[in-house]
Protein chains: 2
Amino acid sequence: MSAPWITYRPELKVLDCTIRDGGLVNAHAFDDKVVRAVYDTCVEAGIDYMEIGYKGSQKLFAPDQFGDFKFCDEDHMRRIVGENESSLKLAAMADAEKTDYHEDILPRDKSVLDLIRVATYVHQLPVAVDMIKDAADKGYEVACNIMAVSIVQESEIDQALEVLAETPASTIVVVDSFGSLYGEQVARLVKKYLAALEGTGKEVGIHAHNNQQLAFANTIEAIVQGANRLDATVAGMGRGAGNCPMELLLGFLRNPAYRVRPVLQLLQDHFVELQESLKWGALVPYNITGQLNQHPRTAIAMVEDGESHDYVEFYDKIVADL
Amino acid sequence: MSAPWITYRPELKVLDCTIRDGGLVNAHAFDDKVVRAVYDTCVEAGIDYMEIGYKGSQKLFAPDQFGDFKFCDEDHMRRIVGENESSLKLAAMADAEKTDYHEDILPRDKSVLDLIRVATYVHQLPVAVDMIKDAADKGYEVACNIMAVSIVQESEIDQALEVLAETPASTIVVVDSFGSLYGEQVARLVKKYLAALEGTGKEVGIHAHNNQQLAFANTIEAIVQGANRLDATVAGMGRGAGNCPMELLLGFLRNPAYRVRPVLQLLQDHFVELQESLKWGALVPYNITGQLNQHPRTAIAMVEDGESHDYVEFYDKIVADL
């Protein structure tokens, strides 16, 4: 095609994870009105999935220290979405080893959830596989996010994909947890995932982080390579540098089913205010950890502290510890 | 190559245009200490060129309404760089029809400048060609930036390249003035420029804008396709959404001649403060004009006004006027 970017692939699906990944910025302490506004916007904007939060273990996370969407009990979700009488599908994330999945994930017909996304580090894969089977047995669509692949040996990724190809997960997501991947690396990974899953009917997804201002570009690169499941958040809200901004992604996708205008309304109604009190985005400390392929935790601490702009001291310390 | 991003091309050259493009944010009203700090940083960081400002016509622009680097008289520049006894080359931009180039661009041996960059819209090409010849005759290295190519017909770009191939300009720069190009479009343009200039020994450059958070990614894409002249600015400072951030670009380039640490020092010493008083970056109004391939002037007015976050009204107005 001479200009492929002006056409669209109808099989592309967009997942909004504002409340889930954005909840890592504020311990999920969102006002209900914000969660409801995100939900209403997803419906109006034609977004396919909304990930509303985590299925966090209440044995590991004290409910008085987190907002409800760290846990996504049925009554929490129904308070916002009722019976979810819309075409929007609802998702929750379940972290390997941080979820009491046997108990807390209800049978599909007792839940408003449609999709369970199992997030796993490569070393947790056996647990993740059991979680995938559990969720599929309960009747859910299941996806699996393999996190932090920028620090995993390729042979281990290959092995993980071989195992996941045999599970009932219908989507496997490339996750750039550290926001350190460049477009060529994303392209390689997406091609690798697609090759490993060929013939299974499974889709490949992309979950990008914005440490180097590459989340949107890397999402586009993944699309070009064949990824059909895309994660984004409103205003790019998400842990640390945040994610691929929904308002940019919908502007790029040419499918007329998607509308960017409701997202602009949501931005002005709620996210201008949120961005005045909470800090996320491609700030310099995140640039540095992204460049050096490091977990952003030290950068998050620096940004949350808010006083220091001593980027050189921060850089020197990370380089010294490499 | 299996992992081309970990190698480097020695022929790549980086140009810092912080004071030139960033000057469009503050009418070039920089303190001398900031200009000097940018100069010192370019030297320390191993950057190849620093574009210190414009050669603006004093008949068109009143000197009392602009800082000195709108004009770049010799004494303005020498106040900062002395005789420039460093390996850093100095550049100034001359806009077609906004420069008294016959008088204001001195013979090369009377100037601290090394490079004249002629910026032109396609319709101004005859003037630009005369400016290129004038600067080359005076002994300068010359580059030509064809602006706003996202709204120019391809046949006109082809014609412009055919003309420029015959001039003494040694670099022709792809300029995404509206920040509207996606990576695939940048790739096409860089390939087109390279093909048109094949055999002339001329290099292709890239000057990206960040309206859609794609300036860094598009610069990388241009590199991948063979562009060897790269524009960037500290903190991405530049008109509207700004440019490719130098601190990201140097982190990506693997050439050990470049050092990111001095840029981090400059950021903390001066740009934290500048960003508190001046507004640039990939703000929502710039996202919108970038998506819709519009000049950012309306978005700049909205951002400078500062009161309104009515993105929907802004979007509706632009869509209505399309």
# chains A, B, ... in the order shown; residues from 1 in each chain; ligands from 1
call {"tool": "interface_residues", "arguments": {"of": "chain A", "to": "chain B", "cutoff": "10 Å", "atoms": "only C-alpha atoms", "output": "JSON, numbers by chain"}}
result
{"A": [2, 3, 4, 5, 182, 183, 184, 185, 188, 210, 211, 212, 213, 214, 215, 216, 217, 218, 220, 221, 224, 235, 244, 245, 247, 248, 249, 250, 251, 252, 260, 261, 262, 263, 264, 265, 266, 267, 268, 269, 272, 283, 284, 285, 287, 288, 290, 291, 292, 308, 309, 310, 311, 312, 313, 314, 315, 316]}
call {"tool": "select_by_dssp", "arguments": {"residues": "segment 22-153 of chain B", "states": "strand (DSSP E)", "output": "VMD selection string"}}
result
chain B and resid 49 to 54 89 to 95 115 to 120 141 to 146
call {"tool": "write_last_selection", "arguments": {"atoms": "N, CA and C atoms", "output": "mmCIF file, in the first residue's frame"}}
result
data_model
loop_
_atom_site.group_PDB
_atom_site.id
_atom_site.type_symbol
_atom_site.label_atom_id
_atom_site.label_comp_id
_atom_site.auth_asym_id
_atom_site.auth_seq_id
_atom_site.Cartn_x
_atom_site.Cartn_y
_atom_site.Cartn_z
ATOM 1 N N TYR B 49 26.772 20.995 16.000
ATOM 2 C CA TYR B 49 26.406 22.358 15.600
ATOM 3 C C TYR B 49 25.493 22.962 16.656
ATOM 4 N N MET B 50 25.630 24.259 16.851
ATOM 5 C CA MET B 50 24.639 24.996 17.634
ATOM 6 C C MET B 50 24.080 26.112 16.758
ATOM 7 N N GLU B 51 22.755 26.062 16.581
ATOM 8 C CA GLU B 51 22.077 27.146 15.850
ATOM 9 C C GLU B 51 21.680 28.188 16.880
ATOM 10 N N ILE B 52 22.297 29.338 16.803
ATOM 11 C CA ILE B 52 22.208 30.315 17.892
ATOM 12 C C ILE B 52 21.058 31.295 17.693
ATOM 13 N N GLY B 53 20.469 31.324 16.510
ATOM 14 C CA GLY B 53 19.333 32.215 16.318
ATOM 15 C C GLY B 53 19.025 32.438 14.857
ATOM 16 N N TYR B 54 18.295 33.534 14.620
ATOM 17 C CA TYR B 54 17.911 33.915 13.255
ATOM 18 C C TYR B 54 18.749 35.094 12.775
ATOM 19 N N LYS B 89 30.487 23.825 15.766
ATOM 20 C CA LYS B 89 30.221 24.760 14.678
ATOM 21 C C LYS B 89 28.964 25.571 14.990
ATOM 22 N N LEU B 90 28.968 26.815 14.557
ATOM 23 C CA LEU B 90 27.841 27.699 14.842
ATOM 24 C C LEU B 90 27.009 27.927 13.590
ATOM 25 N N ALA B 91 25.696 27.930 13.798
ATOM 26 C CA ALA B 91 24.765 28.103 12.687
ATOM 27 C C ALA B 91 23.775 29.208 13.004
ATOM 28 N N ALA B 92 23.274 29.853 11.964
ATOM 29 C CA ALA B 92 22.127 30.748 12.111
ATOM 30 C C ALA B 92 21.123 30.404 11.022
ATOM 31 N N MET B 93 19.851 30.634 11.336
ATOM 32 C CA MET B 93 18.807 30.391 10.347
ATOM 33 C C MET B 93 18.431 31.694 9.653
ATOM 34 N N ALA B 94 18.251 31.594 8.351
ATOM 35 C CA ALA B 94 17.800 32.740 7.558
ATOM 36 C C ALA B 94 16.504 32.334 6.864
ATOM 37 N N ASP B 95 15.420 32.995 7.242
ATOM 38 C CA ASP B 95 14.112 32.689 6.649
ATOM 39 C C ASP B 95 13.964 33.395 5.303
ATOM 40 N N LEU B 115 27.733 27.786 9.478
ATOM 41 C CA LEU B 115 26.640 27.199 8.695
ATOM 42 C C LEU B 115 25.488 28.189 8.613
ATOM 43 N N ILE B 116 24.984 28.397 7.418
ATOM 44 C CA ILE B 116 23.742 29.157 7.240
ATOM 45 C C ILE B 116 22.657 28.166 6.844
ATOM 46 N N ARG B 117 21.565 28.204 7.598
ATOM 47 C CA ARG B 117 20.430 27.339 7.252
ATOM 48 C C ARG B 117 19.324 28.202 6.671
ATOM 49 N N VAL B 118 19.022 27.956 5.443
ATOM 50 C CA VAL B 118 17.983 28.706 4.747
ATOM 51 C C VAL B 118 16.665 27.955 4.935
ATOM 52 N N ALA B 119 15.689 28.632 5.535
ATOM 53 C CA ALA B 119 14.373 28.023 5.751
ATOM 54 C C ALA B 119 13.402 28.595 4.737
ATOM 55 N N THR B 120 12.660 27.712 4.090
ATOM 56 C CA THR B 120 11.806 28.177 2.996
ATOM 57 C C THR B 120 10.531 27.343 2.910
ATOM 58 N N GLU B 141 29.191 26.760 4.814
ATOM 59 C CA GLU B 141 28.392 25.557 4.636
ATOM 60 C C GLU B 141 26.929 26.001 4.647
ATOM 61 N N VAL B 142 26.111 25.387 3.797
ATOM 62 C CA VAL B 142 24.715 25.823 3.690
ATOM 63 C C VAL B 142 23.785 24.607 3.769
ATOM 64 N N ALA B 143 22.706 24.792 4.505
ATOM 65 C CA ALA B 143 21.643 23.782 4.541
ATOM 66 C C ALA B 143 20.341 24.452 4.140
ATOM 67 N N CYS B 144 19.396 23.645 3.694
ATOM 68 C CA CYS B 144 18.090 24.196 3.337
ATOM 69 C C CYS B 144 16.986 23.379 4.009
ATOM 70 N N ASN B 145 16.147 24.078 4.775
ATOM 71 C CA ASN B 145 15.003 23.453 5.437
ATOM 72 C C ASN B 145 13.740 23.764 4.637
ATOM 73 N N ILE B 146 13.150 22.750 4.034
ATOM 74 C CA ILE B 146 11.868 22.963 3.333
ATOM 75 C C ILE B 146 10.765 22.763 4.359
#
call {"tool": "residues_around", "arguments": {"residues": "Asp21 of chain B", "least_positions_apart": "6", "cutoff": "9 Å", "atoms": "only C-alpha atoms", "output": "list in words"}}
result
His28, Glu51, Gly53, Thr233, Met237, Gly238, Arg239, Gly242 and Asn243 of chain B
call {"tool": "decode", "arguments": {"residues": "segment 106-153 of chain A", "atoms": "C-alpha atoms", "output": "PDB file, in the first residue's frame"}}
result
ATOM      1  CA  LEU A 106     -16.137 -15.163  40.237  1.00  0.00           C
ATOM      2  CA  PRO A 107     -17.692 -17.323  37.585  1.00  0.00           C
ATOM      3  CA  ARG A 108     -18.265 -15.220  34.491  1.00  0.00           C
ATOM      4  CA  ASP A 109     -22.050 -15.303  34.807  1.00  0.00           C
ATOM      5  CA  LYS A 110     -21.841 -13.721  38.265  1.00  0.00           C
ATOM      6  CA  SER A 111     -19.609 -10.852  37.174  1.00  0.00           C
ATOM      7  CA  VAL A 112     -19.805  -7.737  35.019  1.00  0.00           C
ATOM      8  CA  LEU A 113     -16.288  -8.511  33.861  1.00  0.00           C
ATOM      9  CA  ASP A 114     -15.678  -9.881  30.383  1.00  0.00           C
ATOM     10  CA  LEU A 115     -11.904 -10.122  30.248  1.00  0.00           C
ATOM     11  CA  ILE A 116      -9.299 -11.138  32.804  1.00  0.00           C
ATOM     12  CA  ARG A 117      -5.791  -9.916  32.056  1.00  0.00           C
ATOM     13  CA  VAL A 118      -3.141 -11.953  33.812  1.00  0.00           C
ATOM     14  CA  ALA A 119       0.060  -9.951  34.355  1.00  0.00           C
ATOM     15  CA  THR A 120       3.194 -11.945  34.948  1.00  0.00           C
ATOM     16  CA  TYR A 121       6.938 -11.718  35.059  1.00  0.00           C
ATOM     17  CA  VAL A 122       8.583 -14.521  33.133  1.00  0.00           C
ATOM     18  CA  HIS A 123       9.675 -16.285  36.321  1.00  0.00           C
ATOM     19  CA  GLN A 124       6.054 -16.429  37.501  1.00  0.00           C
ATOM     20  CA  LEU A 125       4.842 -18.147  34.350  1.00  0.00           C
ATOM     21  CA  PRO A 126       3.632 -21.396  35.979  1.00  0.00           C
ATOM     22  CA  VAL A 127       1.358 -19.417  38.307  1.00  0.00           C
ATOM     23  CA  ALA A 128       0.185 -17.312  35.393  1.00  0.00           C
ATOM     24  CA  VAL A 129      -0.708 -20.386  33.369  1.00  0.00           C
ATOM     25  CA  ASP A 130      -2.825 -21.684  36.237  1.00  0.00           C
ATOM     26  CA  MET A 131      -4.534 -18.288  36.502  1.00  0.00           C
ATOM     27  CA  ILE A 132      -5.227 -18.254  32.777  1.00  0.00           C
ATOM     28  CA  LYS A 133      -6.812 -21.699  32.943  1.00  0.00           C
ATOM     29  CA  ASP A 134      -8.831 -20.768  36.020  1.00  0.00           C
ATOM     30  CA  ALA A 135     -10.230 -17.645  34.338  1.00  0.00           C
ATOM     31  CA  ALA A 136     -10.929 -19.429  31.073  1.00  0.00           C
ATOM     32  CA  ASP A 137     -12.665 -22.280  32.933  1.00  0.00           C
ATOM     33  CA  LYS A 138     -14.852 -19.686  34.638  1.00  0.00           C
ATOM     34  CA  GLY A 139     -15.926 -18.451  31.220  1.00  0.00           C
ATOM     35  CA  TYR A 140     -13.824 -15.320  30.661  1.00  0.00           C
ATOM     36  CA  GLU A 141     -11.882 -14.097  27.717  1.00  0.00           C
ATOM     37  CA  VAL A 142      -8.295 -14.110  28.945  1.00  0.00           C
ATOM     38  CA  ALA A 143      -5.198 -12.141  28.027  1.00  0.00           C
ATOM     39  CA  CYS A 144      -1.684 -12.455  29.345  1.00  0.00           C
ATOM     40  CA  ASN A 145       0.723  -9.545  29.782  1.00  0.00           C
ATOM     41  CA  ILE A 146       4.355 -10.643  30.020  1.00  0.00           C
ATOM     42  CA  MET A 147       5.950  -7.762  31.879  1.00  0.00           C
ATOM     43  CA  ALA A 148       9.397  -6.180  31.707  1.00  0.00           C
ATOM     44  CA  VAL A 149      10.493  -8.029  28.575  1.00  0.00           C
ATOM     45  CA  SER A 150      13.280  -5.488  28.033  1.00  0.00           C
ATOM     46  CA  ILE A 151      15.293  -7.251  30.740  1.00  0.00           C
ATOM     47  CA  VAL A 152      14.418 -10.838  29.780  1.00  0.00           C
ATOM     48  CA  GLN A 153      16.659 -13.052  27.674  1.00  0.00           C
TER      49      GLN A 153
END
